[in-house]
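Novice: Data file input.cif (mmCIF, C-alpha atoms and all ligand atoms) is appended below.
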data_work
loop_
_atom_site.label_atom_id
_atom_site.label_comp_id
_atom_site.auth_asym_id
_atom_site.auth_seq_id
_atom_site.Cartn_x
_atom_site.Cartn_y
_atom_site.Cartn_z
CA MET A 5 -8.57 -1.14 29.68
CA ILE A 6 -11.12 -3.53 28.16
CA GLY A 7 -12.23 -0.73 25.87
CA LEU A 8 -8.66 -0.20 24.69
CA TRP A 9 -8.23 -3.88 24.00
CA PHE A 10 -11.27 -4.01 21.75
CA LEU A 11 -10.32 -0.80 20.00
CA SER A 12 -6.94 -2.18 19.07
CA VAL A 13 -8.51 -5.44 17.83
CA LEU A 14 -10.80 -3.47 15.57
CA THR A 15 -8.08 -1.23 14.19
CA TYR A 16 -5.87 -4.16 13.49
CA ARG A 17 -8.50 -6.20 11.63
CA LEU A 18 -9.31 -3.26 9.38
CA MET A 19 -5.64 -2.82 8.52
CA VAL A 20 -5.31 -6.45 7.62
CA LEU A 21 -8.00 -6.50 4.98
CA GLU A 22 -5.97 -4.01 3.01
CA GLU A 23 -2.66 -5.70 3.57
CA GLY A 24 -3.33 -9.21 2.31
CA ASN A 25 -0.34 -11.50 1.68
CA CYS A 26 -0.58 -12.96 5.16
CA TRP A 27 -0.98 -16.45 3.77
CA THR A 28 0.34 -18.40 0.85
CA TYR A 29 -1.66 -20.87 -1.22
CA HIS A 30 -0.70 -24.41 -2.19
CA TYR A 31 -2.41 -27.05 -4.28
CA SER A 32 -1.97 -30.76 -4.78
CA GLU A 33 -0.51 -32.32 -7.92
CA LYS A 34 -2.95 -35.22 -7.68
CA ASN A 35 -6.70 -35.28 -7.30
CA MET A 36 -8.11 -36.62 -4.06
CA THR A 37 -11.35 -37.11 -2.15
CA TYR A 38 -12.45 -34.35 0.19
CA LYS A 39 -11.41 -36.30 3.26
CA LEU A 40 -7.92 -36.90 1.89
CA ALA A 41 -7.63 -33.30 0.72
CA GLU A 42 -8.41 -32.08 4.23
CA LYS A 43 -5.84 -34.44 5.71
CA TRP A 44 -3.23 -33.48 3.12
CA CYS A 45 -3.68 -29.75 3.71
CA ARG A 46 -3.42 -30.14 7.48
CA LYS A 47 -0.36 -32.33 7.22
CA HIS A 48 1.65 -30.11 4.91
CA TYR A 49 0.13 -26.67 5.38
CA THR A 50 -2.25 -24.88 7.75
CA ASN A 51 -5.59 -26.02 6.39
CA MET A 52 -7.90 -26.01 3.37
CA VAL A 53 -8.52 -22.57 1.91
CA ALA A 54 -11.06 -20.66 3.96
CA ILE A 55 -10.34 -17.08 2.97
CA GLN A 56 -13.12 -15.71 0.88
CA ASN A 57 -13.30 -12.14 -0.23
CA LYS A 58 -13.48 -10.79 -3.76
CA LYS A 59 -9.84 -9.81 -3.91
CA GLU A 60 -8.63 -13.22 -2.71
CA ILE A 61 -10.96 -15.04 -5.09
CA ALA A 62 -9.71 -12.94 -8.02
CA HIS A 63 -6.15 -13.72 -6.97
CA LEU A 64 -6.86 -17.49 -6.79
CA ASN A 65 -8.61 -17.47 -10.15
CA ALA A 66 -5.69 -15.63 -11.70
CA PHE A 67 -2.81 -17.77 -10.50
CA LEU A 68 -4.21 -21.31 -10.17
CA PRO A 69 -4.03 -23.50 -13.27
CA PHE A 70 -7.21 -24.79 -14.85
CA SER A 71 -8.23 -28.25 -13.67
CA PRO A 72 -11.32 -29.90 -15.20
CA THR A 73 -12.19 -31.34 -11.76
CA TYR A 74 -11.82 -27.92 -10.05
CA TYR A 75 -10.62 -27.48 -6.45
CA TRP A 76 -11.85 -28.53 -3.00
CA ILE A 77 -12.08 -25.68 -0.47
CA GLY A 78 -12.59 -25.72 3.30
CA ILE A 79 -16.37 -25.67 3.44
CA ARG A 80 -18.59 -28.70 3.94
CA LYS A 81 -21.89 -29.69 5.41
CA ILE A 82 -21.65 -30.60 9.09
CA ASP A 83 -24.86 -31.43 10.96
CA ASN A 84 -26.73 -30.31 7.86
CA GLU A 85 -25.22 -26.79 7.94
CA TRP A 86 -22.54 -25.35 5.66
CA THR A 87 -19.49 -24.96 7.90
CA TRP A 88 -15.86 -23.77 7.63
CA VAL A 89 -13.88 -26.91 8.34
CA GLY A 90 -10.94 -25.08 9.95
CA THR A 91 -12.88 -23.10 12.52
CA ARG A 92 -16.08 -25.22 12.64
CA LYS A 93 -18.01 -21.97 12.30
CA ARG A 94 -21.25 -21.82 10.39
CA LEU A 95 -21.12 -20.08 7.06
CA THR A 96 -22.81 -16.69 7.24
CA GLU A 97 -25.21 -15.50 4.54
CA GLU A 98 -22.90 -12.70 3.43
CA ALA A 99 -19.92 -15.03 3.05
CA LYS A 100 -21.79 -17.36 0.68
CA ASN A 101 -20.54 -17.36 -2.89
CA TRP A 102 -22.58 -20.08 -4.60
CA ALA A 103 -22.79 -20.28 -8.38
CA PRO A 104 -26.32 -19.63 -9.72
CA GLY A 105 -28.60 -22.58 -8.93
CA GLU A 106 -26.22 -23.96 -6.28
CA PRO A 107 -26.20 -25.63 -3.84
CA ASN A 108 -28.52 -28.02 -5.67
CA ASN A 109 -27.62 -31.25 -3.85
CA ARG A 110 -28.49 -33.02 -7.06
CA LYS A 111 -27.33 -36.46 -6.03
CA ASN A 112 -28.66 -36.00 -2.51
CA ASP A 113 -25.29 -36.19 -0.78
CA GLU A 114 -23.42 -33.23 -2.21
CA ASP A 115 -21.91 -32.29 1.13
CA CYS A 116 -18.56 -30.80 0.06
CA VAL A 117 -17.69 -27.57 -1.74
CA GLU A 118 -15.55 -26.93 -4.79
CA ILE A 119 -14.48 -23.63 -6.26
CA TYR A 120 -14.64 -23.06 -10.00
CA ILE A 121 -11.23 -21.84 -11.15
CA LYS A 122 -10.82 -20.47 -14.69
CA ARG A 123 -14.27 -21.78 -15.66
CA ASP A 124 -15.89 -20.03 -18.61
CA LYS A 125 -18.93 -19.31 -16.51
CA ASP A 126 -19.07 -18.42 -12.79
CA ALA A 127 -15.30 -18.46 -12.18
CA GLY A 128 -14.56 -18.16 -8.45
CA LYS A 129 -18.05 -19.36 -7.49
CA TRP A 130 -18.84 -22.44 -5.39
CA ASN A 131 -20.62 -25.68 -6.16
CA ASP A 132 -21.69 -28.47 -3.80
CA GLU A 133 -20.33 -31.86 -4.81
CA ARG A 134 -20.15 -35.43 -3.54
CA CYS A 135 -17.23 -35.67 -1.06
CA SER A 136 -16.00 -38.92 -2.65
CA LYS A 137 -15.20 -37.15 -5.93
CA GLN A 138 -11.54 -36.59 -6.75
CA LYS A 139 -10.42 -32.97 -7.02
CA VAL A 140 -7.37 -30.80 -6.45
CA ALA A 141 -6.78 -29.92 -2.78
CA LEU A 142 -6.47 -26.17 -2.24
CA CYS A 143 -4.61 -25.27 0.97
CA TYR A 144 -3.09 -22.25 2.61
CA THR A 145 -0.23 -21.54 5.01
CA VAL A 146 -0.55 -18.65 7.34
CA VAL A 147 2.36 -16.45 8.41
CA THR A 148 3.63 -17.57 11.82
CA CYS A 149 5.45 -15.71 14.60
CA ASP A 150 7.80 -17.17 17.20
CA GLN A 151 6.02 -18.81 20.09
CA LEU A 152 5.97 -16.44 23.06
CA LYS A 153 7.38 -17.32 26.47
CA GLU A 154 5.49 -16.46 29.61
CA PRO A 155 7.18 -13.68 31.55
CA ASP A 156 8.47 -14.27 35.09
CA GLN A 157 5.60 -13.78 37.55
CA GLY A 158 3.08 -13.72 34.74
CA THR A 159 0.96 -15.76 32.38
CA LEU A 160 -0.04 -15.16 28.76
CA GLU A 161 -3.63 -14.94 27.61
CA CYS A 162 -3.67 -15.51 23.88
CA SER A 163 -6.24 -15.81 21.16
CA HIS A 164 -5.35 -17.63 17.96
CA PRO A 165 -8.00 -17.07 15.30
CA LEU A 166 -6.09 -18.93 12.59
CA GLN A 167 -3.35 -21.06 14.12
CA ASN A 168 -1.20 -21.06 17.26
CA TYR A 169 1.16 -18.06 17.35
CA SER A 170 0.32 -17.10 13.79
CA TYR A 171 -0.83 -14.11 11.84
CA ASN A 172 -3.63 -12.36 13.77
CA SER A 173 -2.85 -14.13 17.06
CA SER A 174 -2.76 -11.76 19.99
CA CYS A 175 -1.50 -12.16 23.54
CA LYS A 176 -1.66 -10.11 26.69
CA VAL A 177 0.18 -10.58 29.93
CA GLN A 178 -1.55 -11.26 33.25
CA CYS A 179 0.79 -10.64 36.15
CA ALA A 180 0.77 -12.45 39.47
CA GLU A 181 -0.38 -10.70 42.65
CA GLY A 182 1.96 -7.85 43.60
CA TYR A 183 3.27 -7.50 40.03
CA GLU A 184 2.24 -5.21 37.20
CA SER A 185 2.74 -5.41 33.46
CA THR A 186 5.14 -3.00 31.76
CA GLY A 187 2.69 -2.74 28.85
CA PHE A 188 -1.07 -2.69 28.68
CA GLU A 189 -1.61 -3.24 24.97
CA PRO A 190 -1.85 -6.79 23.67
CA VAL A 191 0.93 -7.85 21.30
CA TRP A 192 0.03 -9.04 17.81
CA CYS A 193 1.51 -11.41 15.30
CA THR A 194 1.77 -9.15 12.25
CA SER A 195 1.74 -10.07 8.57
CA SER A 196 5.54 -9.86 8.48
CA GLY A 197 5.78 -12.72 10.99
CA ASN A 198 7.01 -10.43 13.77
CA TRP A 199 5.25 -9.51 16.97
CA SER A 200 3.97 -5.95 17.11
CA ALA A 201 6.04 -5.29 20.26
CA PRO A 202 8.20 -7.21 22.75
CA THR A 203 6.24 -9.21 25.32
CA PRO A 204 5.66 -7.00 28.37
CA ALA A 205 7.40 -8.03 31.56
CA CYS A 206 5.91 -8.22 35.05
CA ARG A 207 7.61 -5.97 37.55
CA VAL A 208 6.97 -5.87 41.26
CA VAL A 209 4.52 -3.21 42.39
CA GLN A 210 5.97 -0.15 44.11
CA CYS A 211 4.35 2.21 46.64
CA ASP A 212 4.92 5.97 46.90
CA GLY A 213 7.49 7.19 49.42
CA LEU A 214 6.31 8.22 52.89
CA ASN A 215 7.39 11.18 55.00
CA ALA A 216 8.22 11.18 58.66
CA PRO A 217 5.44 12.94 60.59
CA ALA A 218 6.27 16.29 62.23
CA HIS A 219 7.80 15.57 65.68
CA GLY A 220 8.18 11.93 64.73
CA SER A 221 10.29 9.42 62.83
CA LEU A 222 9.90 6.91 60.08
CA THR A 223 11.79 3.62 59.74
CA CYS A 224 11.22 1.60 56.61
CA SER A 225 12.33 -1.88 55.70
CA PRO A 226 14.24 -2.00 53.47
CA ALA A 227 15.85 1.19 54.75
CA PHE A 228 17.05 2.33 51.32
CA GLY A 229 15.80 2.00 47.80
CA ASN A 230 12.30 1.62 46.46
CA LEU A 231 9.40 0.65 48.66
CA LEU A 232 8.14 -2.46 46.89
CA TRP A 233 5.20 -4.70 47.54
CA ASN A 234 5.27 -6.02 51.17
CA SER A 235 7.72 -3.31 52.36
CA THR A 236 6.82 -1.97 55.80
CA CYS A 237 7.33 1.41 57.46
CA GLU A 238 7.06 2.08 61.18
CA PHE A 239 6.28 5.40 62.82
CA ALA A 240 7.27 6.78 66.21
CA CYS A 241 6.82 10.16 67.92
CA GLU A 242 9.17 12.32 70.01
CA ALA A 243 8.67 12.48 73.75
CA GLY A 244 5.65 14.59 74.55
CA PHE A 245 3.84 13.51 71.40
CA VAL A 246 1.52 10.62 70.75
CA LEU A 247 0.90 8.84 67.48
CA LYS A 248 -2.54 9.29 66.00
CA GLY A 249 -3.16 6.50 63.55
CA SER A 250 -1.43 3.26 62.68
CA ASP A 251 2.21 2.85 63.80
CA ARG A 252 2.96 0.50 60.90
CA LEU A 253 2.01 0.59 57.23
CA GLN A 254 2.57 -2.06 54.60
CA CYS A 255 2.81 -1.67 50.83
CA GLY A 256 -0.08 -3.63 49.31
CA ALA A 257 -0.25 -5.70 46.12
CA SER A 258 -1.91 -2.88 44.18
CA GLY A 259 0.77 -0.31 45.07
CA LYS A 260 -1.17 1.41 47.86
CA TRP A 261 -0.27 1.58 51.55
CA ASP A 262 -2.70 -0.31 53.74
CA GLY A 263 -3.62 2.79 55.73
CA GLU A 264 -3.30 6.57 56.11
CA GLN A 265 -0.03 8.14 57.17
CA PRO A 266 -0.23 8.85 60.97
CA GLU A 267 0.50 12.14 62.71
CA CYS A 268 2.14 13.01 66.02
CA GLU A 269 -0.02 15.05 68.37
CA SER A 270 1.14 16.76 71.51
CA THR A 271 -0.11 15.18 74.68
CA CA B 1 -24.03 -28.94 -7.02
#
Give the structure from this file in structure tokens form.

Specialist:
Amino acid sequence: MIGLWFLSVLTYRLMVLEEGNCWTYHYSEKNMTYKLAEKWCRKHYTNMVAIQNKKEIAHLNAFLPFSPTYYWIGIRKIDNEWTWVGTRKRLTEEAKNWAPGEPNNRKNDEDCVEIYIKRDKDAGKWNDERCSKQKVALCYTVVTCDQLKEPDQGTLECSHPLQNYSYNSSCKVQCAEGYESTGFEPVWCTSSGNWSAPTPACRVVQCDGLNAPAHGSLTCSPAFGNLLWNSTCEFACEAGFVLKGSDRLQCGASGKWDGEQPECEST
């Protein structure tokens, strides 16, 4: 089951890279300091732009207007390491997109990152700058899905890589003891803003039917219908026969009887 879960995560992520359009970009009319830009993006949108692959960069460079101050993006130095401000994750080597000669920390406190948009040279590349400088805030909004409700007799285990109940969030159902999920796959918030499937429900566990032993009888409670978790069955033998095994079985939380079916043996 764990293997399946990871497999579906992997498949999904690969699909997404090709899909794109799972977020929209927004930028401020006014220039602001890095701190204000971060606050502004979080107040009105999801966060500062943190998506960096060649296709996205080309898209940003194509549609954003030229601003001589350029644009703040969601990367800054935290504890002396370049960090994504949204996730607080360290920037990996392969994600880095510095312009040649950057980061140069020329004024010794260039702790925030701008992206060159429509610059003659190095368009789409990054430069470290003083955080107190005034630049355009570049933000994004991620596609969101409806918040999921926990099923009866179950809880949700979710992961939200971008934002709560948003694109790329996934949830799976954990059912209470004696209940099982109607679906094993996690559900995903897709790029269309819909969940990949309805949330699975938790249904009560059921045990297989039992047969009366030869020369004996079987009485179950409830007498009719499915034998659900905690149902009991009692066994008895005709005169001249003796029960070998347990005279009472109970349906366990995992859908198995708590013992072997008994037999009636002649005395
Ligand atoms: Ca610099």

Novice: Which residues form the shell of 12 Å around ligand CA 1 (chain B) when you count only C-alpha atoms and all ligand atoms, given as an MDAnalysis selection string?

Specialist: chainID A and resid 102:120 129:135

Novice: Using only C-alpha atoms, find the one residue out of A:Ala66, A:Ala41, A:Ile79, A:Met52 that sits nearest to Gly128 in chain A.

Specialist: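 Using only C-alpha atoms, Gly128 in chain A sits closest to A:Ala66.
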
Novice: I'd like the interatomic distance between CA of Trp27 in chain A and CA of Val146 in chain A, to a tenth of an Å.

Specialist: 4.2 Å

Novice: List the spatial neighbours of Gln254 in chain A as a short mmCIF file (atom, residue, chain, number, x, y, z; two decimals) with C-alpha atoms, in the coordinates of the input - criterion: any atom at most 9 Å away, only C-alpha atoms, same-chain residues fewer than 4 positions off excluded.

Specialist:
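Output (part-v5.cif):
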data_model
loop_
_atom_site.label_atom_id
_atom_site.label_comp_id
_atom_site.auth_asym_id
_atom_site.auth_seq_id
_atom_site.Cartn_x
_atom_site.Cartn_y
_atom_site.Cartn_z
CA TRP A 233 5.20 -4.70 47.54
CA ASN A 234 5.27 -6.02 51.17
CA SER A 235 7.72 -3.31 52.36
CA THR A 236 6.82 -1.97 55.80
CA CYS A 237 7.33 1.41 57.46
CA GLU A 238 7.06 2.08 61.18
CA LYS A 260 -1.17 1.41 47.86
CA TRP A 261 -0.27 1.58 51.55
CA ASP A 262 -2.70 -0.31 53.74
CA GLY A 263 -3.62 2.79 55.73
#

Novice: To one decimal in Å, tell me the separation between CA of Phe70 in chain A and CA of Gln138 in chain A.

Specialist: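 Separation between CA of Phe70 in chain A and CA of Gln138 in chain A: 15.0 Å.
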
Novice: Could you check the closest approach to Gly259 in chain A for each of A:Gly244, A:Gly229, A:Gly182, A:Pro202 and tell me which residue wins, using all atoms listed in the file?

Specialist: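 Of A:Gly244, A:Gly229, A:Gly182, A:Pro202, the one nearest Gly259 in chain A, counting all atoms listed in the file, is A:Gly182.
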
Novice: Per residue of range 67-154 of chain A within 8 Å of range 194-199 of chain A, note the shortest atom pair and the distance in Å to one decimal, counting only C-alpha atoms, and order the rows by chain and increasing residue number, as a tab-separated table.

Specialist:
residue	atom	partner	partner_atom	distance
A:Val147	CA	A:Gly197	CA	5.7
A:Thr148	CA	A:Gly197	CA	5.4
A:Cys149	CA	A:Gly197	CA	4.7
A:Asp150	CA	A:Asn198	CA	7.6

Novice: Edge lengths and centre, in Å to one decimal, as JSON: that's what I need for the box along x, y and z that holds all listed atoms of range 40-49 of chain A plus 5 Å on each side.

Specialist:
{"center_x": -3.4, "center_y": -31.8, "center_z": 4.1, "size_x": 20.1, "size_y": 20.2, "size_z": 16.8}

Novice: Excluding range 241-243 of chain A and its own-chain neighbours fewer than 4 positions away, which residues fall within 7 Å of it when counting only C-alpha atoms? Please give them as a short mmCIF file (atom, residue, chain, number, x, y, z; two decimals) with C-alpha atoms, in the coordinates of the input.

Specialist:
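File written: result.cif
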data_model
loop_
_atom_site.label_atom_id
_atom_site.label_comp_id
_atom_site.auth_asym_id
_atom_site.auth_seq_id
_atom_site.Cartn_x
_atom_site.Cartn_y
_atom_site.Cartn_z
CA HIS A 219 7.80 15.57 65.68
CA GLY A 220 8.18 11.93 64.73
CA SER A 221 10.29 9.42 62.83
CA LEU A 247 0.90 8.84 67.48
CA CYS A 268 2.14 13.01 66.02
#

Novice: Give me, please, the distance in Å between CA of Cys211 in chain A and CA of Lys176 in chain A, quoted to one decimal.

Specialist: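 For CA of Cys211 in chain A relative to CA of Lys176 in chain A, the distance reads 24.2 Å.
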
Novice: Measuring atom to atom with all atoms listed in the file, identify which of A:Asn57, A:Ser170, A:Thr96, A:Asn101 is nearest to Cys26 in chain A.

Specialist: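 Ranking A:Asn57, A:Ser170, A:Thr96, A:Asn101 by distance to Cys26 in chain A, first place goes to A:Ser170.
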
Novice: Just want the 6 Å neighbourhood of Trp86 in chain A, counted on all atoms listed in the file, with same-chain residues fewer than 3 positions away dropped. Output as a count of residues only.

Specialist: 3

Novice: May I have the residues within 6 Å of Trp192 in chain A as a list in words, using only C-alpha atoms and disregarding those fewer than 6 positions away in the same chain?

Specialist: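 Neighbouring residues, sequence-local ones excluded: Ser173, Ser174, Trp199 and Ser200 of chain A.
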
Novice: Mind writing the picked residues with C-alpha atoms as a PDB file, keeping the file's coordinate frame?

Specialist:
ATOM      1  CA  SER A 173      -2.850 -14.130  17.060  1.00  0.00           C
ATOM      2  CA  SER A 174      -2.760 -11.760  19.990  1.00  0.00           C
ATOM      3  CA  TRP A 199       5.250  -9.510  16.970  1.00  0.00           C
ATOM      4  CA  SER A 200       3.970  -5.950  17.110  1.00  0.00           C
TER       5      SER A 200
END

Novice: Of the candidates A:Cys143, A:Ser71, A:Asn65, A:Lys153, which shows the shortest atom-to-atom distance to Ala127 in chain A, using only C-alpha atoms?

Specialist: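 Under the stated criterion, the closest residue is A:Asn65.
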
Novice: A:Ala141, A:Phe245, A:Ile82, A:Arg92: which is nearest Glu33 in chain A, counting only C-alpha atoms?

Specialist: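 Of A:Ala141, A:Phe245, A:Ile82, A:Arg92, the one nearest Glu33 in chain A is A:Ala141, counting only C-alpha atoms.
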
Novice: Which residue gives the smallest distance to Ala180 in chain A among A:Ala62, A:Cys255, A:Cys193, A:Val208, with all atoms listed in the file counted?

Specialist: A:Val208

Novice: Can I get range 162-183 of chain A with N, CA and C atoms filled in, as a CSV table (one decimal), keeping the file's coordinate frame?

Specialist:
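Below is the file result17.csv, written as the result:
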chain,number,residue,atom,x,y,z
A,162,CYS,N,-3.8,-15.7,25.3
A,162,CYS,CA,-3.7,-15.5,23.9
A,162,CYS,C,-5.0,-15.9,23.2
A,163,SER,N,-5.2,-15.3,22.0
A,163,SER,CA,-6.2,-15.8,21.2
A,163,SER,C,-5.6,-16.1,19.8
A,164,HIS,N,-6.0,-17.2,19.2
A,164,HIS,CA,-5.4,-17.6,18.0
A,164,HIS,C,-6.5,-17.9,16.9
A,165,PRO,N,-6.9,-16.9,16.2
A,165,PRO,CA,-8.0,-17.1,15.3
A,165,PRO,C,-7.7,-18.0,14.1
A,166,LEU,N,-6.4,-18.1,13.7
A,166,LEU,CA,-6.1,-18.9,12.6
A,166,LEU,C,-5.3,-20.2,13.0
A,167,GLN,N,-4.2,-20.0,13.7
A,167,GLN,CA,-3.4,-21.1,14.1
A,167,GLN,C,-2.5,-20.5,15.3
A,168,ASN,N,-2.0,-21.5,16.1
A,168,ASN,CA,-1.2,-21.1,17.3
A,168,ASN,C,-0.1,-20.1,16.9
A,169,TYR,N,0.1,-19.0,17.5
A,169,TYR,CA,1.2,-18.1,17.4
A,169,TYR,C,1.4,-17.8,15.9
A,170,SER,N,0.3,-17.4,15.2
A,170,SER,CA,0.3,-17.1,13.8
A,170,SER,C,-0.3,-15.8,13.5
A,171,TYR,N,-0.2,-15.4,12.3
A,171,TYR,CA,-0.8,-14.1,11.8
A,171,TYR,C,-2.2,-13.9,12.5
A,172,ASN,N,-2.4,-12.7,13.1
A,172,ASN,CA,-3.6,-12.4,13.8
A,172,ASN,C,-3.8,-12.9,15.2
A,173,SER,N,-2.8,-13.7,15.7
A,173,SER,CA,-2.8,-14.1,17.1
A,173,SER,C,-2.5,-12.9,17.9
A,174,SER,N,-3.1,-12.9,19.1
A,174,SER,CA,-2.8,-11.8,20.0
A,174,SER,C,-2.6,-12.3,21.4
A,175,CYS,N,-1.7,-11.7,22.2
A,175,CYS,CA,-1.5,-12.2,23.5
A,175,CYS,C,-1.4,-11.0,24.5
A,176,LYS,N,-1.9,-11.1,25.7
A,176,LYS,CA,-1.7,-10.1,26.7
A,176,LYS,C,-1.2,-10.8,28.0
A,177,VAL,N,-0.5,-10.0,28.8
A,177,VAL,CA,0.2,-10.6,29.9
A,177,VAL,C,-0.7,-10.3,31.2
A,178,GLN,N,-0.9,-11.4,31.9
A,178,GLN,CA,-1.6,-11.3,33.2
A,178,GLN,C,-0.5,-11.5,34.3
A,179,CYS,N,-0.3,-10.5,35.2
A,179,CYS,CA,0.8,-10.6,36.2
A,179,CYS,C,0.3,-11.2,37.5
A,180,ALA,N,1.1,-11.9,38.2
A,180,ALA,CA,0.8,-12.4,39.5
A,180,ALA,C,0.5,-11.3,40.5
A,181,GLU,N,-0.1,-11.7,41.6
A,181,GLU,CA,-0.4,-10.7,42.6
A,181,GLU,C,0.9,-10.0,43.1
A,182,GLY,N,0.8,-8.6,43.2
A,182,GLY,CA,2.0,-7.8,43.6
A,182,GLY,C,2.9,-7.5,42.4
A,183,TYR,N,2.5,-7.8,41.2
A,183,TYR,CA,3.3,-7.5,40.0
A,183,TYR,C,2.4,-6.8,39.0
